[in-house]
There are 4 protein chains.
Amino acid sequence: LKKTQFVYRNSKDPCSIDSVNKRVDWLEEVTGVKIQSIRNAYQKSETFNGVELRGNIENLIGVVQIPVGVAGPLKVNGKHAKGTFYVPLATTEGAIVESYMRGMWVLTKAGGVTARVLKDIMHISPSFTLPSLTQAIEFVEWVKAHFKTLKAHAESTTEHGVLLRIEPQVAGSKVFLKFIYSTKDAMGLNMVNISVDHVCKFISQHWDDLPYYLRVNYSGDKKVSAANFINGYGKEVAVECIIPHKIVTRFLGTTPEEMVKYFQVSLIGTMRAGIVGINAHYANGLAAIFIACGQDVAQITSSAVGYTHYEVTPEGDLKVEATLPNLLLGTIGGGTALPTQKECLQIMGCSGKGKSKKFAEIVASCLLAGEISICAALSNGTFVNIHKHKHKFTKYK
Amino acid sequence: LKKTQFVYRNSKDPCSIDSVNKRVDWLEEVTGVKIQSIRNAYQKSETFNGVELRGNIENLIGVVQIPVGVAGPLKVNGKHAKGTFYVPLATTEGAIVESYMRGMWVLTKAGGVTARVLKDIMHISPSFTLPSLTQAIEFVEWVKAHFKTLKAHAESTTEHGVLLRIEPQVAGSKVFLKFIYSTKDAMGLNMVNISVDHVCKFISQHWDDLPYYLRVNYSGDKKVSAANFINGYGKEVAVECIIPHKIVTRFLGTTPEEMVKYFQVSLIGTMRAGIVGINAHYANGLAAIFIACGQDVAQITSSAVGYTHYEVTPEGDLKVEATLPNLLLGTIGGGTALPTQKECLQIMGCSGKGKSKKFAEIVASCLLAGEISICAALSNGTFVNIHKHKHKFTKYK
Amino acid sequence: LKKTQFVYRNSKDPCSIDSVNKRVDWLEEVTGVKIQSIRNAYQKSETFNGVELRGNIENLIGVVQIPVGVAGPLKVNGKHAKGTFYVPLATTEGAIVESYMRGMWVLTKAGGVTARVLKDIMHISPSFTLPSLTQAIEFVEWVKAHFKTLKAHAESTTEHGVLLRIEPQVAGSKVFLKFIYSTKDAMGLNMVNISVDHVCKFISQHWDDLPYYLRVNYSGDKKVSAANFINGYGKEVAVECIIPHKIVTRFLGTTPEEMVKYFQVSLIGTMRAGIVGINAHYANGLAAIFIACGQDVAQITSSAVGYTHYEVTPEGDLKVEATLPNLLLGTIGGGTALPTQKECLQIMGCSGKGKSKKFAEIVASCLLAGEISICAALSNGTFVNIHKHKHKFTKYK
Amino acid sequence: LKKTQFVYRNSKDPCSIDSVNKRVDWLEEVTGVKIQSIRNAYQKSETFNGVELRGNIENLIGVVQIPVGVAGPLKVNGKHAKGTFYVPLATTEGAIVESYMRGMWVLTKAGGVTARVLKDIMHISPSFTLPSLTQAIEFVEWVKAHFKTLKAHAESTTEHGVLLRIEPQVAGSKVFLKFIYSTKDAMGLNMVNISVDHVCKFISQHWDDLPYYLRVNYSGDKKVSAANFINGYGKEVAVECIIPHKIVTRFLGTTPEEMVKYFQVSLIGTMRAGIVGINAHYANGLAAIFIACGQDVAQITSSAVGYTHYEVTPEGDLKVEATLPNLLLGTIGGGTALPTQKECLQIMGCSGKGKSKKFAEIVASCLLAGEISICAALSNGTFVNIHKHKHKFTKYK
């Protein structure tokens, strides 16, 4: 490898304008590509004055700009989120903001979305390799008997994390220990990694340097996992709304009956395709909110599962529900303190400590809006038109 | 709903500085939040001169800034991607760029990644509701007999899309028709939506206004779908590299045997958790590349499946492979033409027509880099240290 | 190991009365258990005169007796099964025969079940290990180019099997080749094993003794496999019936609306539990028929998947459908020629050549009967009563 | 429907020789088929003297005869099963008994199988439909607060069943309550159905006739369910054995390394096919034991999941493990008291009360034997030969 191939590094002040310029200059040289916009987007926006990015990125060359649109009003009747909200959505896909906004409008007209956080946990599951099955069983007994000690060790590395319980699983002569935490307002992945690694070291020493692996996919981070879908990972949030018949016909251009009929067929399609749960496009809303709000965007792979449900009430209205068992989000840590991202959280009153459940209730309500909007368009055959003419705004009046 | 609750709209020039300012002013008023950074990030960067955003977003209030780091060098021996590349990664999660770069370094030292696109298709599957099972079977026969006509109709709406075949599935008295396309350099979701809606209208008319739904999840867009994992959706890409034993020990701090041993345990964890395929963190690399390169970020939910594989060769070296059956990406359309995003594609020589397979080969190679990097850190117990000290760069020399 | 521990063997005439008696004597001695019934059930029934069991079992000690009940009448409007049938069900679980019979009665009253075989294939998928990804791709090209030769080799070992096509799948440097056959009236597992092993030997020789494994679970025999559920394995059979409202109320004690309402909730339960497809208890009917009819009973693990569907027609009647994509059964081979089993097939006119599709249509119709029967009992809360008083017959008059 | 179409019924003594003869006569008449063997197999075997079948079957016409072979010796070092056992296998598929016996031989030579029951539960999950999400949450709180009362009600219907806990799951405005029992030596499905129906009636009354459904697939009976695979259903049993290198080479005709190499490829095949867990053919052994021992054979669909694991020890020996999380079996109830079935249980010392865990340990050990036997044959290419010449016994000496 030639010297020119190494990325320009400067360990002292890697994200300074100067470092970034040198790095971009180098990159322009090795690639022969003019890199103007990425550079300008970082240096000319006046938003990064005094902001330290070194905890968020390495080898910085600038920023990409993702357009943000605002959708709303969205009325949420949550336990934590109470009121009318406007949701910032960062996307480059036309019609997304418009589609979610239509759903929000309808839900708000219908009186708003009931929203509740049912669960709130984070876990990772190290594996320990014992010499035999019988010793694996002994090991599990020991872990159960020493929970208090292990809890103390685990929590010594974290201010906010609380170790709720340890669920052991014997797998031949391996043992998986699921360490389940409450992580408060952080998404908490790093926090639990550090905490569990600490307690694993303690366990390992106690057991004659028993070998362990910190993560072996048993807690399934950043993947759809049946175990997490069933038992929880992150926040489990449920939302619900009853939409009067005439609102469905007037603003969604279809009927409750047609929506349910479409839903029944999509259930068959979903099952036949081997999909976990059922939803139309949680991923679109999640990606847009997560990018806007400084979340770990890779977590939409875990978060975008759940099940939407439609039924016609005895009164002929449309009852819509959604349950999202694996919402992974936070209002502190990660990218939540970056200037534009922080403002996006602030727009919803969700920046900083004490806000993660509120944020979760708004996110789930927003996803419900997306579901009814696309389901309506698919049930009445207007889906393609909406996407074709995505720049022509509809008036909801 | 009060008048002030409506989002400020201006259908004539919705993304102009003036429209955006009025909209942000309104949003500041209804929320009471100062929105300075989002506004500045859009208006002061000098990157949007003359750029029309109205096809990409509605209700624009500005942009969020996602830091971009560069990782490389990454040598790819593809059919389409040949040479040494630098990959822009947009993320707010520390250590991601560093972790992928370490893997790239190792793969490059080992001679580079063999990469091949095995499949390249896009599909959607409308459902038709027939009165009975026997009529459903007749309908399928008719569709098979009229493929040429249907193909002509389908392709009349698109310049680049080619309808390859239609795969019917009888489900009781419903019929799902999987329309499978080649979409060239576009990811192609909108293209196939429009094309298939057009041909469905034709079919419906021919069959006495037979009701149909354009999408019923049978093609599983933006979800992990067993059907797509097995049969393909988007680009299927395979990558491979043999890493000499001494490179593994020197630069990854572990051995091929230890890597494989870790992999075996993670296979048990993966299966026990009910995860489709096996990988460590495709989602991280995908999210970072997709954000940087103007992709439909929601598609990482579909794309982040596959299987990584490790084995020790008879010579004691490490053989690593990854197969990604559902890569959904494009080099035209979506956000690929936005200023910062376009530059990110250009850095890899992947902007515009004729580049999507090259892009796919680089992406898959990059994901392989991420896999070996994290697997090494988990196999030798250094995973947490890397994340704790994420701003301290290691020297690879 | 002591000599007495070895099972008594006699290679000349292992299933003769004399051999069996010696073996049972030995077993009585080593276990201290009196083995009278198993012995008598074999030797005193007068059914095995001249029947050679050595192809069906090793180390024979006698037979177990499974009670057989008959359920019917079941009217089937199939392509192959036309008329009114009585189905033998072998089970030791009370209420099974009764429950299926109730369903059959209702379906017959409603005019009978429309039944169709949609697909009929059998496959196994050997794996070949190539040195590299690029050679794996070359190998696939070679296989595609030599299909005719391979087909000739494959079919040289079998009188009835027809190799329809080979579907290759590159998985890193491994290649899976799915050899898809039509196996006529045999279930065909042994037939395709032998045929594919033969052609694999040919391929291997042509490629310098390329190593291969005959079966690596890619064709998923005797397991639920998403791939088989989606793409087929064995016979895919669809059945359908419209049951008039008054028949539902009179004979099922519930209404079409209540049945559908129950079905909706069970869909949520099914999805949330991570089950492939949806059915109530295909496995019960399948086990009973497969035991009665000399089928490979282990195949119910593959066969008992599919999806039942209920809807209310515009006229207020109940439309019920079931699709079973993986029915694995045969009318020749296996245990189909044993005396009691052969009679069970004969009762349905399904013994011997040319009958497997007829058998499949009857089986699927029978399973539909079981579905509506249990669904009715669960929808109206009588499920437990039926099981409590399982010996009290209801009169359907 | 004509009168002759009705199955001959006799509610007084439905399984008497006389009733059966009249029923068979009728069936011969309506079908035109001579039914001699089924009749004789029942009436001439001298095994049913005084045996009452009316709790096991309706519409009895006789019995089918399934050949039983014996396999062993199988040494089990369990907690409940200690010693050397012979396992009765009822099948009509040649080579099954032989294949399992070969594995048993090898395991016994290696010192026997370590076996442990890790879990032992049975559950069903009724659903309750509340008017709204918030009331669903209230309902769950009420259930939690009244566990003692509910437990008393539940256990009032059963002598042996113990209600361990209730796990609630809110799904929109529905609530699933998983009632988890210990059912002692019975498989327990009927027991928990009756018990839970009783307590549901109590709950329903307390909540103003709140509608409920007893079973909605959330507990996934007689299906592969990810939830049950992960969280347990029936007995979870783990087994393990270290097989010395020279035993592998001498009696399995392969090496530990070759076995593991094959296993690695089959893992890829398994994942790619979308199968839950990994095993080669649990279903074969399970079907044969379940038929022989009077089990609910349909339960093999649930039971035949788990994961087999192979590794080479540092000493070069072969370590084999299997974990079966959903074994559903019993030693009382169902068909366990029928004459031939009871003898099969007695042969293993597993008939009656206090024996179900012993039985489970033997069953899992037997399945492990089947796994190593087929894996050896697939790893060394002899699989087809074994099946071709299935009547030619190998000598293990």
# chains A, B, ... in the order shown; residues from 1 in each chain; ligands from 1
call {"tool": "residues_around", "arguments": {"residues": "Pro131 (chain A)", "least_positions_apart": "5", "cutoff": "10 Å", "atoms": "only C-alpha atoms", "output": "count of residues only"}}
result
5
call {"tool": "interface_residues", "arguments": {"of": "chain C", "to": "chain B", "cutoff": "9 Å", "atoms": "only C-alpha atoms", "output": "ChimeraX atom specification"}}
result
/C:114-116,118,132-134,137,170-173,226-227,230-231,238-240,307-309,320-323
call {"tool": "atom_distance", "arguments": {"atom1": "CA of Gln295 (chain A)", "atom2": "CA of Gly269 (chain B)"}}
result
26.3 Å
call {"tool": "select_by_dssp", "arguments": {"residues": "region 3-155 of chain B", "states": "strand (DSSP E or B)", "output": "PyMOL selection string"}}
result
chain B and resi 60-78+82-90+113-124+127-129
call {"tool": "write_last_selection", "arguments": {"atoms": "C-alpha atoms", "output": "compact mmCIF listing (two decimals), in the first residue's frame"}}
result
# COMPACT_ATOMS: atom_id res chain seq x y z
CA LEU B 60 -39.53 21.73 3.64
CA ILE B 61 -38.13 23.58 6.67
CA GLY B 62 -34.43 23.09 5.94
CA VAL B 63 -31.97 20.25 6.23
CA VAL B 64 -30.38 18.12 8.91
CA GLN B 65 -26.66 17.64 8.74
CA ILE B 66 -25.26 14.17 9.07
CA PRO B 67 -21.48 14.02 9.55
CA VAL B 68 -19.66 12.08 6.83
CA GLY B 69 -16.41 10.25 7.41
CA VAL B 70 -14.40 8.46 4.81
CA ALA B 71 -13.19 4.89 5.19
CA GLY B 72 -10.64 3.13 3.02
CA PRO B 73 -8.72 2.11 1.13
CA LEU B 74 -10.92 -0.78 0.06
CA LYS B 75 -9.68 -2.88 -2.82
CA VAL B 76 -12.50 -4.52 -4.78
CA ASN B 77 -11.97 -7.15 -7.47
CA GLY B 78 -15.47 -7.05 -8.84
CA LYS B 82 -12.30 -2.76 -10.05
CA GLY B 83 -9.75 -0.85 -8.04
CA THR B 84 -9.24 0.83 -4.72
CA PHE B 85 -12.12 2.80 -3.26
CA TYR B 86 -12.86 5.20 -0.43
CA VAL B 87 -16.32 4.90 1.05
CA PRO B 88 -18.23 7.86 2.51
CA LEU B 89 -20.13 6.89 5.66
CA ALA B 90 -22.70 9.27 7.16
CA VAL B 113 -12.50 -8.53 -2.13
CA THR B 114 -13.88 -10.67 -4.93
CA ALA B 115 -17.39 -9.32 -5.59
CA ARG B 116 -20.14 -10.43 -7.96
CA VAL B 117 -23.75 -9.44 -8.59
CA LEU B 118 -25.64 -12.74 -8.82
CA LYS B 119 -29.13 -11.40 -9.45
CA ASP B 120 -30.71 -8.03 -10.19
CA ILE B 121 -34.49 -7.84 -10.03
CA MET B 122 -37.29 -5.69 -8.66
CA HIS B 123 -40.84 -6.85 -8.20
CA ILE B 124 -44.26 -5.99 -6.86
CA SER B 127 -53.54 -9.32 -5.81
CA PHE B 128 -56.71 -10.07 -7.76
CA THR B 129 -59.83 -11.33 -6.08
call {"tool": "select_by_dssp", "arguments": {"residues": "region 126-314 of chain C", "states": "helix (DSSP H, G or I)", "output": "ChimeraX atom specification"}}
result
/C:133-145,147-155,189-206,226-231,245-252,256-273,282-292,297-303
call {"tool": "residues_around", "arguments": {"residues": "Phe251 (chain B)", "least_positions_apart": "3", "cutoff": "7 Å", "atoms": "only C-alpha atoms", "output": "PyMOL selection string"}}
result
chain B and resi 106+247-248
call {"tool": "write_last_selection", "arguments": {"atoms": "N, CA and C atoms", "output": "compact mmCIF listing (two decimals), in the first residue's frame"}}
result
# COMPACT_ATOMS: atom_id res chain seq x y z
N VAL B 106 -7.70 -4.46 6.25
CA VAL B 106 -7.32 -5.87 6.28
C VAL B 106 -7.64 -6.56 4.96
N ILE B 247 -1.94 -11.75 8.64
CA ILE B 247 -2.68 -10.47 8.61
C ILE B 247 -3.77 -10.48 9.68
N VAL B 248 -4.40 -11.62 9.85
CA VAL B 248 -5.41 -11.72 10.91
C VAL B 248 -4.79 -11.46 12.28
call {"tool": "residues_around", "arguments": {"residues": "Glu258 (chain C)", "least_positions_apart": "2", "cutoff": "10 Å", "atoms": "only C-alpha atoms", "output": "list in words"}}
result
Thr254, Thr255, Pro256, Val260, Lys261, Tyr262, Phe263, Gln264, Val312, Cys375, Ala376, Leu378, Ser379 and Asn380 of chain C
call {"tool": "residues_around", "arguments": {"residues": "Lys22 (chain C)", "least_positions_apart": "6", "cutoff": "10 Å", "atoms": "only C-alpha atoms", "output": "list in words"}}
result
Tyr8, Arg9, Asn10, Ser16, Glu28 and Ile61 of chain C
call {"tool": "write_last_selection", "arguments": {"atoms": "C-alpha atoms", "output": "mmCIF file, in the first residue's frame"}}
result
data_model
loop_
_atom_site.group_PDB
_atom_site.id
_atom_site.type_symbol
_atom_site.label_atom_id
_atom_site.label_comp_id
_atom_site.auth_asym_id
_atom_site.auth_seq_id
_atom_site.Cartn_x
_atom_site.Cartn_y
_atom_site.Cartn_z
ATOM 1 C CA TYR C 8 -31.174 -60.506 18.367
ATOM 2 C CA ARG C 9 -30.540 -60.499 14.638
ATOM 3 C CA ASN C 10 -31.176 -62.974 11.877
ATOM 4 C CA SER C 16 -40.569 -64.453 10.312
ATOM 5 C CA GLU C 28 -38.207 -59.881 27.602
ATOM 6 C CA ILE C 61 -40.853 -57.392 17.505
#
call {"tool": "closest_residue", "arguments": {"among": "D:Ile374, D:Leu329, D:Val175, D:Val224", "to": "Ile268 (chain C)", "atoms": "only C-alpha atoms"}}
result
D:Val175
